[in-house]
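The structure appears below as structure tokens.
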Amino acid sequence: VTAPALSRRRALGLALATGGGALLSRPLPGRAADPSDAELLTRAVEIEQRATFAYSEALRALVFDRRTTRLVEAMHEQELEHVEGLGRALRRLGRRPPVEPLELRGLERALAGGQRRFLAFALAREAGAVRFYREALGQLRRPGLLPGVASVMANRGQHMAVLRRALGRDPVPLAVETGEL
Amino acid sequence: VSGGGEHPGHTRRSLLAATGVAAAGLAACGDDDGDGRAGRELDAVLMNIALDSEHALVAAYAAGVRRLRGRSRRTARAFLAHEREHVRIVAREVRRLGGKPHEAKLPEDYRRGYPALERQGDVLRFLVDLEGAAVRAYQDALPKLSSPRLRRLAGSLATTEAEHSSILLAAAGRSPLPEAFVTGKS
């Protein structure tokens, strides 16, 4: 990773964080039953922490082929950036990021099944993340948070595409990505 | 991530004024971010801007697919079908909001703005650039879209364009995952 790339990524993460506070006085209309922005960001950080944990454990436990190793490493690094960017946005709202997970349901079995089984597990987790972010875009009240959250969602969609291809499936099977498997 | 919250270069008011939409309605509603008439009219303007990006993608894939070979050609054909579906979906949303969907320009009008597309790599790079522009159009629209349903749709369409971009990058021999925050600006 080059230094300019790192600084650009930090800037993007920072923009996501500061976007949350930019339009506090002009919230989007929402339903009373919707979760608050802080609740949504807390859930988002949890989702990203779990993805980071899953990819980290897989890189430690499995021997992937060379191309898949590069993909899993890239996805792991990107999830870490999401944790950082979303966590910063959450702190701007006065909340502390949740505690990082020590285990993940289904992960152990997926790892025991080898590369293909883990990639299918990862694809299901990525799809769940896309579904979450899609719903969040309709619920967030602070307009400034929306582009940043959408940029994370788009990246998770890209993870889905490369995972589908690695599994020998159509990488983009539908014209509208909703996170359905 | 253009996280400042305001549309880069545009405000809600300037977008409506520039397109001549609902000046009276906008004046009546002031800074209304709600889902009233002004909100729907602005949503139609924003979706029409996104529709322009989708039309451009259809034209570019239609022109580019002939210059691609093998797997890249099959991929481009599949993505062209997606873009045509996006045009149908977004145009339907504009009509539902009471607007008139923008028509596509003539193919030669699009072609005049194309770079040289002689080699497969040229085509793939150009398509990646246009997919990025579509991602930007949707993400720029998000803070101003009053309808939660349209925000979800915009997020889904931007994500699909990002997926296309990833597969096109791989076809061009580049990393399919170049950035953690996909803004279409790199």
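If you're wondering about the labels, chains in the structure tokens are A, B, ... by order shown, residues count from 1 in each chain, ligands from 1 in order shown.
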Exercise. Using DSSP on the backbone, list every residue of chain A that comes out as helix (DSSP H, G or I), and give them as a ChimeraX atom specification.
Key: /A:3-22,37-61,66-92,107-112,115-139,143-166
I need the residues from that last selection saved to file as a short mmCIF file (atom, residue, chain, number, x, y, z; two decimals), in the first residue's frame (with C-alpha atoms), if you can.
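Writing the result to selection18.cif gives the following:
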```
data_model
loop_
_atom_site.label_atom_id
_atom_site.label_comp_id
_atom_site.auth_asym_id
_atom_site.auth_seq_id
_atom_site.Cartn_x
_atom_site.Cartn_y
_atom_site.Cartn_z
CA ALA A 3 1.66 6.33 1.22
CA PRO A 4 -0.57 8.47 -1.02
CA ALA A 5 -3.14 5.68 -1.07
CA LEU A 6 -3.08 5.48 2.70
CA SER A 7 -3.49 9.19 3.17
CA ARG A 8 -6.35 9.25 0.67
CA ARG A 9 -8.06 6.42 2.53
CA ARG A 10 -7.60 8.23 5.82
CA ALA A 11 -9.10 11.32 4.26
CA LEU A 12 -12.08 9.30 3.08
CA GLY A 13 -12.56 7.78 6.50
CA LEU A 14 -12.31 11.21 8.04
CA ALA A 15 -14.87 12.57 5.60
CA LEU A 16 -17.24 9.80 6.62
CA ALA A 17 -16.72 10.74 10.25
CA THR A 18 -17.16 14.47 9.80
CA GLY A 19 -20.13 14.04 7.51
CA GLY A 20 -22.15 12.87 10.45
CA GLY A 21 -21.98 16.21 12.14
CA ALA A 22 -22.26 18.49 9.17
CA ASP A 37 -28.11 7.14 13.65
CA ALA A 38 -25.90 6.16 16.60
CA GLU A 39 -27.64 2.79 16.86
CA LEU A 40 -27.22 2.20 13.12
CA LEU A 41 -23.54 3.15 13.20
CA THR A 42 -22.95 0.94 16.23
CA ARG A 43 -24.47 -1.99 14.32
CA ALA A 44 -22.37 -1.09 11.26
CA VAL A 45 -19.15 -1.12 13.28
CA GLU A 46 -20.13 -4.49 14.77
CA ILE A 47 -20.70 -5.89 11.28
CA GLU A 48 -17.32 -4.61 10.11
CA GLN A 49 -15.55 -5.90 13.23
CA ARG A 50 -17.01 -9.37 12.64
CA ALA A 51 -15.91 -9.34 9.01
CA THR A 52 -12.41 -8.28 10.06
CA PHE A 53 -12.35 -11.10 12.60
CA ALA A 54 -13.54 -13.69 10.05
CA TYR A 55 -10.95 -12.75 7.42
CA SER A 56 -8.19 -12.49 10.01
CA GLU A 57 -8.98 -15.98 11.37
CA ALA A 58 -9.16 -17.40 7.85
CA LEU A 59 -5.76 -15.98 6.90
CA ARG A 60 -4.35 -17.52 10.07
CA ALA A 61 -6.06 -20.93 9.78
CA ARG A 66 -2.21 -17.39 -4.25
CA ARG A 67 -4.95 -15.43 -5.98
CA THR A 68 -7.45 -16.08 -3.19
CA THR A 69 -4.90 -15.09 -0.56
CA ARG A 70 -4.54 -11.70 -2.25
CA LEU A 71 -8.32 -11.26 -2.33
CA VAL A 72 -8.82 -12.24 1.30
CA GLU A 73 -5.97 -9.98 2.40
CA ALA A 74 -7.47 -7.07 0.45
CA MET A 75 -10.92 -7.64 1.91
CA HIS A 76 -9.47 -7.90 5.42
CA GLU A 77 -7.61 -4.63 5.00
CA GLN A 78 -10.71 -2.90 3.65
CA GLU A 79 -12.88 -4.11 6.54
CA LEU A 80 -10.30 -2.66 8.93
CA GLU A 81 -10.64 0.68 7.15
CA HIS A 82 -14.42 0.48 7.47
CA VAL A 83 -14.10 -0.18 11.21
CA GLU A 84 -11.84 2.86 11.50
CA GLY A 85 -14.01 5.20 9.41
CA LEU A 86 -17.36 4.15 10.84
CA GLY A 87 -15.93 4.07 14.36
CA ARG A 88 -14.77 7.65 13.97
CA ALA A 89 -18.22 8.68 12.77
CA LEU A 90 -19.73 6.94 15.79
CA ARG A 91 -17.41 8.75 18.19
CA ARG A 92 -18.50 12.04 16.61
CA LEU A 107 -16.89 -19.50 11.47
CA GLU A 108 -15.21 -22.51 13.02
CA ARG A 109 -17.23 -24.92 10.91
CA ALA A 110 -16.56 -22.87 7.79
CA LEU A 111 -12.82 -22.89 8.44
CA ALA A 112 -12.88 -26.64 9.06
CA GLN A 115 -11.17 -22.68 1.27
CA ARG A 116 -14.41 -23.17 -0.65
CA ARG A 117 -16.54 -23.54 2.44
CA PHE A 118 -15.03 -20.42 3.96
CA LEU A 119 -15.56 -18.38 0.78
CA ALA A 120 -19.25 -19.38 0.78
CA PHE A 121 -19.46 -18.36 4.45
CA ALA A 122 -17.79 -15.03 3.65
CA LEU A 123 -20.17 -14.42 0.74
CA ALA A 124 -23.17 -14.92 3.04
CA ARG A 125 -21.68 -12.45 5.54
CA GLU A 126 -20.99 -9.89 2.78
CA ALA A 127 -24.56 -10.24 1.52
CA GLY A 128 -25.86 -9.64 5.05
CA ALA A 129 -23.77 -6.48 5.26
CA VAL A 130 -25.18 -5.19 1.96
CA ARG A 131 -28.73 -5.85 3.18
CA PHE A 132 -27.99 -3.97 6.40
CA TYR A 133 -26.49 -0.93 4.65
CA ARG A 134 -29.31 -0.82 2.11
CA GLU A 135 -31.86 -0.63 4.91
CA ALA A 136 -29.74 1.92 6.79
CA LEU A 137 -29.75 4.27 3.78
CA GLY A 138 -33.52 4.57 4.24
CA GLN A 139 -33.26 5.13 7.99
CA PRO A 143 -27.73 13.43 5.21
CA GLY A 144 -23.96 13.78 5.55
CA LEU A 145 -23.62 10.16 6.60
CA LEU A 146 -25.31 8.76 3.50
CA PRO A 147 -22.53 8.96 0.86
CA GLY A 148 -20.00 7.43 3.22
CA VAL A 149 -22.28 4.59 4.22
CA ALA A 150 -23.15 4.03 0.54
CA SER A 151 -19.43 3.90 -0.28
CA VAL A 152 -18.96 1.11 2.28
CA MET A 153 -22.02 -0.70 0.89
CA ALA A 154 -20.59 -0.46 -2.64
CA ASN A 155 -17.31 -1.94 -1.46
CA ARG A 156 -19.14 -4.81 0.24
CA GLY A 157 -20.92 -5.42 -3.07
CA GLN A 158 -17.53 -5.64 -4.76
CA HIS A 159 -16.50 -8.22 -2.19
CA MET A 160 -19.62 -10.18 -3.11
CA ALA A 161 -18.70 -10.03 -6.80
CA VAL A 162 -15.14 -11.29 -6.32
CA LEU A 163 -16.28 -14.00 -3.90
CA ARG A 164 -18.93 -15.21 -6.34
CA ARG A 165 -16.33 -15.37 -9.07
CA ALA A 166 -13.88 -17.21 -6.79
#
```
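Nearest residue to chain B, choosing from A:Leu167, A:Leu102, A:Val63, A:Leu28 and counting only C-alpha atoms: A:Leu28.
You will find atom CA of B:Leu42 at 24.0 Å from atom CA of B:Lys185.
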Practice problem: Find the residues around B:Leu97 up to 7 Å (only C-alpha atoms counted), leave out those fewer than 6 positions away in its own chain, and share them as number ranges by chain. | Solution: B: 40-41, 44
Taking N, CA and C atoms for each residue, export the selection above as a PDB file, in the first residue's frame.
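Contents of the output file again_9.pdb:
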```pdb
ATOM      1  N   ARG B  40     -40.634  15.594  -3.780  1.00  0.00           N
ATOM      2  CA  ARG B  40     -40.835  14.666  -4.913  1.00  0.00           C
ATOM      3  C   ARG B  40     -40.264  15.246  -6.199  1.00  0.00           C
ATOM      4  N   GLU B  41     -40.464  16.553  -6.363  1.00  0.00           N
ATOM      5  CA  GLU B  41     -39.948  17.169  -7.594  1.00  0.00           C
ATOM      6  C   GLU B  41     -38.426  17.119  -7.631  1.00  0.00           C
ATOM      7  N   ALA B  44     -37.271  13.701  -8.467  1.00  0.00           N
ATOM      8  CA  ALA B  44     -37.368  13.429  -9.911  1.00  0.00           C
ATOM      9  C   ALA B  44     -36.172  14.023 -10.647  1.00  0.00           C
TER      10      ALA B  44
END
```
Practice problem: Write out as a PyMOL selection string each polymer residue whose atoms come within 6 Å of B:Gly184, counting only C-alpha atoms; drop sequence neighbours fewer than 5 positions from it. | Solution: chain B and resi 132+135-136
Quiz prompt | Between atom CA of B:Glu118 and atom CA of B:His164 - distance in Å to one decimal | solution = 21.1 Å
Quiz item: Do you know which residues are at most 10 Å from B:Leu46 counting only C-alpha atoms, after dropping those on the same chain fewer than 2 positions away, and could you put them as number ranges by chain?
Solution: B: 12, 15-16, 40-44, 48-51, 94, 137-138, 140-142, 144-145
Let me see the file: selected residues, N, CA and C atoms, as a short mmCIF file (atom, residue, chain, number, x, y, z; two decimals), in the first residue's frame.
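Below is the file that was written, again_7.cif:
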```cif
data_model
loop_
_atom_site.label_atom_id
_atom_site.label_comp_id
_atom_site.auth_asym_id
_atom_site.auth_seq_id
_atom_site.Cartn_x
_atom_site.Cartn_y
_atom_site.Cartn_z
N ARG B 12 -29.92 21.90 -3.05
CA ARG B 12 -31.28 21.49 -3.46
C ARG B 12 -31.91 22.59 -4.31
N LEU B 15 -30.28 23.04 -7.81
CA LEU B 15 -30.64 21.95 -8.73
C LEU B 15 -32.01 22.20 -9.34
N LEU B 16 -32.94 22.58 -8.48
CA LEU B 16 -34.29 22.82 -8.98
C LEU B 16 -34.32 24.04 -9.89
N ARG B 40 -40.63 15.59 -3.78
CA ARG B 40 -40.84 14.67 -4.91
C ARG B 40 -40.26 15.25 -6.20
N GLU B 41 -40.46 16.55 -6.36
CA GLU B 41 -39.95 17.17 -7.59
C GLU B 41 -38.43 17.12 -7.63
N LEU B 42 -37.80 17.38 -6.49
CA LEU B 42 -36.33 17.30 -6.46
C LEU B 42 -35.88 15.86 -6.66
N ASP B 43 -36.60 14.93 -6.06
CA ASP B 43 -36.25 13.52 -6.26
C ASP B 43 -36.27 13.17 -7.75
N ALA B 44 -37.27 13.70 -8.47
CA ALA B 44 -37.37 13.43 -9.91
C ALA B 44 -36.17 14.02 -10.65
N ASN B 48 -33.37 11.84 -12.58
CA ASN B 48 -33.11 12.11 -13.99
C ASN B 48 -31.61 12.31 -14.25
N ILE B 49 -30.92 12.92 -13.30
CA ILE B 49 -29.45 13.07 -13.44
C ILE B 49 -28.82 11.68 -13.46
N ALA B 50 -29.29 10.81 -12.56
CA ALA B 50 -28.77 9.43 -12.54
C ALA B 50 -29.13 8.71 -13.85
N LEU B 51 -30.33 9.00 -14.36
CA LEU B 51 -30.76 8.37 -15.62
C LEU B 51 -29.82 8.74 -16.77
N VAL B 94 -38.88 8.11 -12.18
CA VAL B 94 -39.08 9.52 -12.54
C VAL B 94 -40.55 9.75 -12.89
N ALA B 137 -22.96 9.73 -9.28
CA ALA B 137 -24.29 10.34 -9.47
C ALA B 137 -25.24 9.87 -8.37
N TYR B 138 -25.22 8.59 -8.08
CA TYR B 138 -26.13 8.08 -7.05
C TYR B 138 -25.70 8.54 -5.66
N ASP B 140 -23.97 11.19 -4.86
CA ASP B 140 -24.20 12.63 -4.71
C ASP B 140 -25.69 12.91 -4.49
N ALA B 141 -26.54 12.08 -5.06
CA ALA B 141 -27.99 12.29 -4.92
C ALA B 141 -28.48 11.92 -3.52
N LEU B 142 -27.82 10.97 -2.89
CA LEU B 142 -28.35 10.40 -1.65
C LEU B 142 -28.73 11.42 -0.57
N LYS B 144 -29.82 14.23 -0.74
CA LYS B 144 -30.93 15.11 -1.12
C LYS B 144 -32.20 14.35 -1.46
N LEU B 145 -32.12 13.06 -1.59
CA LEU B 145 -33.33 12.29 -1.90
C LEU B 145 -34.21 12.24 -0.66
#
```
Quiz prompt | Atom pair atom CA of B:Ala171 / atom CA of B:Arg152: separation (Å) | solution =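 Distance reported for this atom pair: 28.9 Å.
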Exercise. Identify which of the residues B:Ser146, B:Thr160, B:Ser53, B:Ser72 lies closest to B:Gln120, counting only C-alpha atoms when measuring atom-to-atom distances.
Key: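 Going through B:Ser146, B:Thr160, B:Ser53, B:Ser72 one by one, the smallest distance to B:Gln120 is for B:Ser72.
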